[in-house]
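Take a look at the structure below.
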Amino acid sequence: PDPDKRVVINELVCEGCGDCSVQSNCVAVIPVETEFGRKRAIDQSSCNKDFSCLKGFCPSFVTVHGAVPHKRSAVGENAGTLPEPKQPVLAKNYAILVTGVGGTGVVTIGALLAMAAHLEGKGAAVIDMAGLAQKGGAVTTHVRLAPTPADIKAIRVSAGQADLILGCDLVVAASAKVLRTVDPGRTRAFVNSHETLTGEFTRDADFTLPGRRLLQAVQLRAGTERTRVVEATRLATALLGDSIATNMFMLGLAWQAGAIPLSSAAIERAIELNGVDVAMNKAAFAWGRRAAVEPDEVAQVAARRSPRPAERKAETLDEIVARRVAFLTDYQDAEYAGRYAASVAVVREAERKAAPGRSEIAEAVARNLFRLMAIKDEYEVARLFTDGSFLRQLQAEFGGWERLEFHLAPPILAHHDERTGHAKKSTYGPWAMRLFRILAAMRRVRGTIFDVFRYSDERRFERKLLAEYEETVELIVAQLSGANHLHALALAQYPEKIRGYGHVRRAAAARVAPEAEARREAFLLGVRARTVEAAE
């Protein structure tokens with residue numbers, strides 16, 4: 001039976017270290033780009049509820065019992081008033097290649113197209129190629145439509161034979177096998193620009209896809225004028241509350257654009273006969289149709305319904321600093337925030353003199369110094385659970401819930417694994433929120449003699465990291481020049497991968513240390529070379 005609980009990640013508490021992905025190897029743990037860097041979230045649409053992600057050594061994970069996800073429909077906003085497109089003439093074989101990720105309904109799209117053709121008395125044949133992929137792997141569905149079944153001699157869409165590519169996943173759509181089926185001047189391509197990360201993400205927390213390059217590969221092969229790119233996953237999730245609606249949204253988009261030789265009535269009847277989430281699938285098809293004709297209006301509706309912005313706006317240095325000054329004021333006090341702002345201002349001035357018009361080093365220091373000053377200690381984790389931000393996150397994702405459970409490894413109460421020696425997480429009920437409120441109210445004693453946590457090994461370690469980085473910043477300011485600007489930037493960026501909690505953070509710091517020392521030596525080598533040159 002489906003457990004009546006879901007896992008969510010407190011976005012602000014998350015460090016983006018990726019230990020949850022390492023422990024679970026789960027594709028439902030996805031990256032989220034925020035103002036404070038890359039974090040993690042749980043894709044509720046693809047979560048299989050084995051809860052292995054809870055093994056990640058991080059206090060950001062919360063189990064929500066009795067969660068009621070928001071369900072959004074297209075009632076009153078259907079496609080009935082849209083114009084009927086001019087459909088392609090089905091005089092011979094029409095080849096469609098549907099590409100996507102296993103578990104998202106790629107095979108279903110092929111089955112629906114075949115049933116719709118059958119309902120119209122046409123010929124149809126489908127073959128699914130999933131390899132070993134049950135969920136999360138590359139899947140391609142080959143669909144052949146023809147006036148009669150006898151007109152279909154082969155099912156597989158081979159090189160240069162595709163009339164339509166329905167690219168529900170960018171990576172698969174841009175693969176060599178799919179691109180070989182394109183016949184320039186004939187094939188039409190509809191591509192979902194959403195980047196579903198590959199399994200490499202579970203091993204590399206900073207892994208990214210070359211999204212622009214992948215899109216260009218499709219456009220170069222099929223032609224820009226015959227390629228339609230849309231943020232289908234983001235739009236479908238915002239409009240319908242479930243990313244599983246993406247592929248049906250793409251089908252509606254392609255149909256309204258006149259790329260599928262079947263009637264909308266037949267496709268909708270096939271959806272009904274399939275009998276799975278009929279209302280949502282018909283709504284997704286309708287929204288896809290609207291997106292083909294009224295893309296701006298659909299994007300506006302999705303933006304209003306989405307719990308997060310469509311994309312992060314690039315911030316200026318002033319905005320970066322102002323946001324973090326406000327955060328550090330709440331974290332500790334105005335004096336602590338002022339210390340941060342003063343350090344960044346010194347770097348900014350030094351960079352202005354050494355490399356007029358440049359600000360990359362100041363931005364790197366602004367982000368990394370903040371990361372090391374705003375350590376998520378016991379007081380800060382408590383504050384981030386009780387300041388209202390987490391409640392707003394839950395309300396954006398769910399219509400209601402019964403109770404919350406927290407998965408923590410308190411420094412005093414936690415048991416330790418006999419094999420590894422690492423602290424083990426335990427589950428705490430809703431009463432933990434009362435403890436959080438008390439700890440959050442006590443954050444002003446942080447660093448004083450009344451701070452019971454300041455003498456722990458972990459807090460001493462954090463202070464050491466901060467002191468080392470502050471010394472590094474002083475070195476950069478003292479020796480910065482236009483000639484060593486690039487080396488100085490690399491040196492200022494070294495703390496970026498020091499993330500996580502407890503042993504995860506220590507391990508990350510240990511991995512970064514040799515690289516940080518190498519960057520420091522490269523920077524100093526440039527300084528020494530400049531000194532020798534000046535002396536000569």
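Chain labels follow the order of the structure tokens: the first chain is A, the next B, and so on; residue numbering restarts at 1 in every chain, and ligands are counted from 1 in their shown order.
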
Near-Thr386 of chain A list (12 Å; only C-alpha atoms; drop same-chain fewer than 5 positions) as an mmCIF file with C-alpha atoms, in the first residue's frame:
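Contents of out.cif, as written:
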data_model
loop_
_atom_site.group_PDB
_atom_site.id
_atom_site.type_symbol
_atom_site.label_atom_id
_atom_site.label_comp_id
_atom_site.auth_asym_id
_atom_site.auth_seq_id
_atom_site.Cartn_x
_atom_site.Cartn_y
_atom_site.Cartn_z
ATOM 1 C CA ASN A 10 13.732 22.435 3.916
ATOM 2 C CA LEU A 12 17.159 26.884 3.411
ATOM 3 C CA VAL A 13 18.494 24.198 5.758
ATOM 4 C CA TYR A 379 20.523 27.742 16.548
ATOM 5 C CA GLU A 380 20.369 28.421 12.817
ATOM 6 C CA VAL A 381 18.692 25.144 11.860
ATOM 7 C CA LEU A 391 5.755 26.835 6.524
ATOM 8 C CA ARG A 392 5.419 28.842 3.316
ATOM 9 C CA GLN A 393 7.330 26.137 1.443
ATOM 10 C CA ALA A 432 10.594 19.173 18.031
ATOM 11 C CA MET A 433 9.159 22.462 16.790
ATOM 12 C CA ARG A 434 8.853 23.651 20.388
ATOM 13 C CA LEU A 435 12.524 22.876 20.934
ATOM 14 C CA PHE A 436 13.375 24.685 17.697
ATOM 15 C CA ARG A 437 11.597 27.824 18.897
ATOM 16 C CA ILE A 438 13.573 27.811 22.136
ATOM 17 C CA LEU A 439 16.882 27.328 20.337
ATOM 18 C CA ALA A 440 16.050 29.993 17.759
ATOM 19 C CA ALA A 441 15.323 32.483 20.529
#

As a compact mmCIF listing (two decimals) with all heavy atoms, in the first residue's frame, please: the residues near Leu170 of chain A (cut-off 10 Å, only C-alpha atoms, same-chain neighbours under 2 positions excluded).
# COMPACT_ATOMS: atom_id res chain seq x y z
N THR A 99 10.49 10.51 -27.48
CA THR A 99 11.67 10.27 -26.64
C THR A 99 11.43 10.80 -25.24
O THR A 99 10.74 11.80 -25.04
CB THR A 99 12.91 10.98 -27.22
OG1 THR A 99 12.81 12.40 -26.99
CG2 THR A 99 13.05 10.72 -28.69
N GLY A 100 11.99 10.12 -24.25
CA GLY A 100 11.82 10.58 -22.88
C GLY A 100 12.53 9.70 -21.88
O GLY A 100 13.43 8.93 -22.22
N VAL A 101 12.08 9.81 -20.64
CA VAL A 101 12.69 9.10 -19.52
C VAL A 101 11.72 8.05 -19.02
O VAL A 101 10.51 8.31 -18.90
CB VAL A 101 13.04 10.09 -18.38
CG1 VAL A 101 13.53 9.36 -17.16
CG2 VAL A 101 14.09 11.08 -18.86
N GLY A 167 10.16 15.31 -28.42
CA GLY A 167 11.26 15.21 -27.46
C GLY A 167 10.83 15.59 -26.06
O GLY A 167 11.00 16.74 -25.64
N CYS A 168 10.32 14.63 -25.32
CA CYS A 168 9.85 14.90 -23.95
C CYS A 168 11.01 15.01 -22.97
O CYS A 168 10.81 15.43 -21.82
CB CYS A 168 8.89 13.80 -23.51
SG CYS A 168 7.44 13.65 -24.58
N VAL A 172 17.71 12.77 -24.26
CA VAL A 172 17.41 11.69 -25.19
C VAL A 172 17.14 12.24 -26.59
O VAL A 172 17.57 11.68 -27.60
CB VAL A 172 16.21 10.85 -24.70
CG1 VAL A 172 16.00 9.65 -25.60
CG2 VAL A 172 16.42 10.39 -23.26
N ALA A 173 16.43 13.38 -26.65
CA ALA A 173 16.10 13.97 -27.94
C ALA A 173 17.35 14.38 -28.71
O ALA A 173 17.37 14.34 -29.95
CB ALA A 173 15.19 15.18 -27.75
N ALA A 174 18.40 14.77 -27.98
CA ALA A 174 19.63 15.23 -28.63
C ALA A 174 20.65 14.11 -28.81
O ALA A 174 21.77 14.37 -29.25
CB ALA A 174 20.26 16.36 -27.82
N SER A 175 20.27 12.88 -28.52
CA SER A 175 21.20 11.77 -28.67
C SER A 175 21.44 11.46 -30.15
O SER A 175 20.62 11.78 -31.01
CB SER A 175 20.65 10.51 -27.98
OG SER A 175 19.48 10.05 -28.62
N VAL A 191 10.56 20.01 -28.56
CA VAL A 191 11.52 19.60 -27.54
C VAL A 191 11.21 20.26 -26.21
O VAL A 191 11.04 21.49 -26.13
CB VAL A 191 12.96 19.94 -27.97
CG1 VAL A 191 13.96 19.46 -26.92
CG2 VAL A 191 13.28 19.33 -29.32
N ASN A 192 11.17 19.45 -25.17
CA ASN A 192 11.03 19.94 -23.79
C ASN A 192 12.42 20.38 -23.32
O ASN A 192 13.35 19.58 -23.26
CB ASN A 192 10.49 18.81 -22.91
CG ASN A 192 10.40 19.20 -21.45
OD1 ASN A 192 10.49 20.38 -21.09
ND2 ASN A 192 10.22 18.22 -20.58
N SER A 193 12.57 21.65 -22.97
CA SER A 193 13.88 22.17 -22.60
C SER A 193 14.29 21.84 -21.17
O SER A 193 15.41 22.13 -20.75
CB SER A 193 13.92 23.70 -22.78
OG SER A 193 12.98 24.33 -21.92
N HIS A 194 13.38 21.22 -20.41
CA HIS A 194 13.71 20.86 -19.02
C HIS A 194 14.88 19.87 -19.00
O HIS A 194 14.91 18.91 -19.79
CB HIS A 194 12.50 20.23 -18.34
CG HIS A 194 12.78 19.73 -16.96
ND1 HIS A 194 12.93 20.56 -15.88
CD2 HIS A 194 12.95 18.46 -16.48
CE1 HIS A 194 13.18 19.85 -14.80
NE2 HIS A 194 13.19 18.58 -15.14
N GLU A 195 15.82 20.11 -18.10
CA GLU A 195 17.00 19.26 -18.02
C GLU A 195 16.84 18.22 -16.90
O GLU A 195 17.04 18.53 -15.73
CB GLU A 195 18.26 20.11 -17.79
CG GLU A 195 18.53 21.08 -18.93
CD GLU A 195 19.76 21.92 -18.69
OE1 GLU A 195 20.44 21.70 -17.67
OE2 GLU A 195 20.04 22.80 -19.52
N THR A 196 16.46 17.01 -17.25
CA THR A 196 16.40 15.92 -16.29
C THR A 196 17.81 15.35 -16.17
O THR A 196 18.33 14.76 -17.13
CB THR A 196 15.43 14.82 -16.77
OG1 THR A 196 14.13 15.38 -16.94
CG2 THR A 196 15.36 13.69 -15.74
N LEU A 197 18.42 15.53 -15.01
CA LEU A 197 19.82 15.14 -14.86
C LEU A 197 19.99 13.63 -14.92
O LEU A 197 19.11 12.87 -14.51
CB LEU A 197 20.38 15.68 -13.54
CG LEU A 197 20.48 17.20 -13.46
CD1 LEU A 197 21.12 17.62 -12.15
CD2 LEU A 197 21.29 17.76 -14.63
N LEU A 209 24.11 19.75 -17.05
CA LEU A 209 24.03 19.33 -18.44
C LEU A 209 24.35 20.50 -19.37
O LEU A 209 24.03 21.65 -19.04
CB LEU A 209 22.62 18.82 -18.76
CG LEU A 209 22.21 17.49 -18.14
CD1 LEU A 209 20.72 17.27 -18.33
CD2 LEU A 209 22.99 16.34 -18.75
N GLY A 211 22.89 22.12 -21.56
CA GLY A 211 21.57 22.27 -22.14
C GLY A 211 21.55 23.06 -23.43
O GLY A 211 20.90 22.67 -24.42
N LEU A 214 22.89 20.97 -26.25
CA LEU A 214 21.96 19.91 -26.65
C LEU A 214 20.85 20.47 -27.54
O LEU A 214 20.47 19.86 -28.55
CB LEU A 214 21.37 19.23 -25.42
CG LEU A 214 22.35 18.44 -24.55
CD1 LEU A 214 21.67 17.97 -23.27
CD2 LEU A 214 22.92 17.25 -25.31
N LEU A 215 20.31 21.62 -27.15
CA LEU A 215 19.27 22.24 -27.97
C LEU A 215 19.81 22.63 -29.35
O LEU A 215 19.14 22.45 -30.37
CB LEU A 215 18.72 23.49 -27.27
CG LEU A 215 17.72 23.25 -26.14
CD1 LEU A 215 17.37 24.56 -25.46
CD2 LEU A 215 16.46 22.57 -26.66
N VAL A 218 19.88 19.70 -31.77
CA VAL A 218 18.59 19.40 -32.39
C VAL A 218 18.26 20.44 -33.46
O VAL A 218 17.83 20.09 -34.57
CB VAL A 218 17.48 19.36 -31.32
CG1 VAL A 218 16.13 19.09 -31.97
CG2 VAL A 218 17.78 18.29 -30.27
N VAL A 229 10.74 24.73 -29.10
CA VAL A 229 11.28 24.46 -27.77
C VAL A 229 10.36 25.06 -26.73
O VAL A 229 9.93 26.22 -26.84
CB VAL A 229 12.70 25.05 -27.61
CG1 VAL A 229 13.26 24.74 -26.23
CG2 VAL A 229 13.63 24.50 -28.69

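Neighbouring residues of Leu491 of chain A at 8 Å or closer, counting only C-alpha atoms and skipping chain neighbours under 2 positions away, are Thr472, His487, Ala488, Leu489, Gln493, Tyr494, Ala516, Arg519, Arg520 and Phe523 of chain A.
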
**Request:** Mind checking which residues fall within 10 Å of Asp50 of chain A, counting only C-alpha atoms, ignoring those fewer than 5 positions away in the same chain, and posting them as an NGL selection string?
**Result:** :A and (3 or 24 or 26)

**Message:** Write out as a list in words the set of residues from segment 171-269 of chain A that DSSP, computed on the backbone, places in strand (DSSP E or B).
**Reply:** Val182, Arg188, Ala189, Phe190, Val191, Asn192, Thr227, Arg228, Val229 and Val230 of chain A

**Prompt:** With only C-alpha atoms as the atoms that count, which of A:Val22, A:Ile320, A:Ala341, A:Ile260 lies nearest to Glu363 of chain A?
**Reply:** A:Ile320

What are the nearest atom pairs, with distances in Å to one decimal, for all residues of segment 37-135 of chain A that come at most 12 Å from segment 394-409 of chain A, using only C-alpha atoms, set out by chain and rising residue number as a tab-separated table?
residue	atom	partner	partner_atom	distance
A:Ala41	CA	A:Glu397	CA	11.3
A:Ile42	CA	A:Glu397	CA	10.8
A:Asp43	CA	A:Glu397	CA	10.8
A:Gln44	CA	A:Glu397	CA	9.5
A:Ser45	CA	A:Glu397	CA	11.8
A:Phe51	CA	A:His407	CA	11.5
A:Cys53	CA	A:His407	CA	11.0
A:Leu54	CA	A:His407	CA	7.3
A:Lys55	CA	A:His407	CA	9.1
A:Gly56	CA	A:His407	CA	9.8
A:Phe57	CA	A:Ala409	CA	8.2
A:Cys58	CA	A:Leu408	CA	7.3
A:Pro59	CA	A:Leu408	CA	5.2
A:Ser60	CA	A:His407	CA	7.9
A:Phe61	CA	A:His407	CA	6.2
A:Val62	CA	A:Phe406	CA	4.9
A:Thr63	CA	A:Glu405	CA	5.0
A:Val64	CA	A:Leu404	CA	4.9
A:His65	CA	A:Arg403	CA	5.4
A:Gly66	CA	A:Trp401	CA	4.9
A:Ala67	CA	A:Trp401	CA	4.2
A:Val68	CA	A:Gly400	CA	5.3
A:Pro69	CA	A:Phe398	CA	4.2
A:His70	CA	A:Gly399	CA	5.3
A:Lys71	CA	A:Gly399	CA	8.5
A:Arg72	CA	A:Gly399	CA	11.0

Can I get the selection written as a short mmCIF file (atom, residue, chain, number, x, y, z; two decimals), in the first residue's frame, with N, CA, C and O atoms?
data_model
loop_
_atom_site.label_atom_id
_atom_site.label_comp_id
_atom_site.auth_asym_id
_atom_site.auth_seq_id
_atom_site.Cartn_x
_atom_site.Cartn_y
_atom_site.Cartn_z
N ALA A 41 15.67 19.15 -3.73
CA ALA A 41 14.23 19.02 -3.50
C ALA A 41 13.82 17.61 -3.87
O ALA A 41 14.55 16.89 -4.57
N ILE A 42 12.64 17.20 -3.41
CA ILE A 42 12.09 15.89 -3.76
C ILE A 42 11.02 16.10 -4.82
O ILE A 42 10.06 16.84 -4.62
N ASP A 43 11.20 15.45 -5.97
CA ASP A 43 10.18 15.47 -7.01
C ASP A 43 9.08 14.50 -6.60
O ASP A 43 9.22 13.28 -6.73
N GLN A 44 7.99 15.04 -6.07
CA GLN A 44 6.92 14.20 -5.54
C GLN A 44 6.29 13.34 -6.63
O GLN A 44 5.72 12.28 -6.35
N SER A 45 6.39 13.77 -7.88
CA SER A 45 5.79 13.00 -8.98
C SER A 45 6.53 11.70 -9.26
O SER A 45 5.95 10.73 -9.73
N PHE A 51 12.07 6.07 0.90
CA PHE A 51 12.60 6.93 1.98
C PHE A 51 14.09 6.72 2.25
O PHE A 51 14.57 7.05 3.33
N CYS A 53 16.40 8.39 0.99
CA CYS A 53 17.06 9.69 1.03
C CYS A 53 17.22 10.20 2.46
O CYS A 53 18.08 11.04 2.74
N LEU A 54 16.40 9.68 3.38
CA LEU A 54 16.49 10.11 4.78
C LEU A 54 17.82 9.72 5.40
O LEU A 54 18.20 10.25 6.46
N LYS A 55 18.55 8.79 4.76
CA LYS A 55 19.85 8.38 5.28
C LYS A 55 20.90 9.48 5.11
O LYS A 55 21.94 9.43 5.75
N GLY A 56 20.63 10.43 4.24
CA GLY A 56 21.56 11.53 4.05
C GLY A 56 21.77 12.27 5.37
O GLY A 56 20.80 12.58 6.08
N PHE A 57 23.03 12.56 5.71
CA PHE A 57 23.32 13.17 7.01
C PHE A 57 23.04 14.67 6.94
O PHE A 57 23.94 15.48 6.70
N CYS A 58 21.78 15.00 7.15
CA CYS A 58 21.33 16.38 6.98
C CYS A 58 20.02 16.56 7.74
O CYS A 58 19.14 15.71 7.67
N PRO A 59 19.86 17.68 8.48
CA PRO A 59 18.62 17.91 9.23
C PRO A 59 17.51 18.53 8.41
O PRO A 59 16.45 18.86 8.96
N SER A 60 17.72 18.70 7.10
CA SER A 60 16.71 19.39 6.29
C SER A 60 15.54 18.50 5.91
O SER A 60 14.52 19.00 5.44
N PHE A 61 15.65 17.18 6.12
CA PHE A 61 14.60 16.26 5.70
C PHE A 61 13.48 16.18 6.72
O PHE A 61 13.71 15.99 7.91
N VAL A 62 12.26 16.30 6.22
CA VAL A 62 11.06 16.25 7.07
C VAL A 62 10.06 15.30 6.42
O VAL A 62 9.83 15.35 5.21
N THR A 63 9.48 14.43 7.23
CA THR A 63 8.42 13.54 6.76
C THR A 63 7.08 14.20 7.04
O THR A 63 6.79 14.56 8.18
N VAL A 64 6.28 14.37 5.99
CA VAL A 64 4.97 15.01 6.12
C VAL A 64 3.91 13.92 6.04
O VAL A 64 3.72 13.29 5.01
N HIS A 65 3.20 13.70 7.14
CA HIS A 65 2.15 12.68 7.20
C HIS A 65 0.81 13.30 6.82
O HIS A 65 0.49 14.41 7.21
N GLY A 66 0.04 12.52 6.05
CA GLY A 66 -1.28 13.00 5.64
C GLY A 66 -1.22 14.18 4.69
O GLY A 66 -2.14 15.00 4.65
N ALA A 67 -0.15 14.27 3.91
CA ALA A 67 0.03 15.40 3.00
C ALA A 67 -1.00 15.33 1.86
O ALA A 67 -1.24 14.27 1.29
N VAL A 68 -1.57 16.48 1.55
CA VAL A 68 -2.54 16.57 0.45
C VAL A 68 -1.95 17.52 -0.59
O VAL A 68 -2.00 18.73 -0.43
N PRO A 69 -1.36 16.97 -1.67
CA PRO A 69 -0.77 17.84 -2.70
C PRO A 69 -1.82 18.70 -3.37
O PRO A 69 -2.99 18.31 -3.50
N HIS A 70 -1.40 19.88 -3.80
CA HIS A 70 -2.28 20.73 -4.58
C HIS A 70 -2.58 20.06 -5.91
O HIS A 70 -1.69 19.57 -6.57
N LYS A 71 -3.83 20.02 -6.28
CA LYS A 71 -4.20 19.51 -7.59
C LYS A 71 -4.82 20.65 -8.38
O LYS A 71 -5.78 21.28 -7.96
N ARG A 72 -4.24 20.91 -9.52
CA ARG A 72 -4.71 22.01 -10.35
C ARG A 72 -5.33 21.43 -11.62
O ARG A 72 -4.81 20.48 -12.18
#

**Message:** Just list as a PyMOL selection string whatever in segment 200-427 of chain A DSSP marks as alpha helix (DSSP H).
**Reply:** chain A and resi 211-222+232-240+246-256+264-274+278-293+295-305+317-331+334-354+360-373+378-386+389-397

**Request:** Can you pull out every residue within 9 Å of segment 500-502 of chain A, counting only C-alpha atoms, but drop anything in the same chain fewer than 6 positions away, and send it as a count of residues only?
**Result:** 14

**Message:** So, with only C-alpha atoms as the atoms that count, which of A:Val27, A:Leu90, A:Met115, A:Ala518 lies closest to Arg269 of chain A?
**Reply:**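 When distances to Arg269 of chain A are compared using only C-alpha atoms, the smallest one comes from A:Met115.
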
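In terms of minimum interatomic distance to Gly288 of chain A, A:Gly252 ranks closest within A:Gly252, A:Gly241, A:Pro410, A:Gly275, counting only C-alpha atoms.
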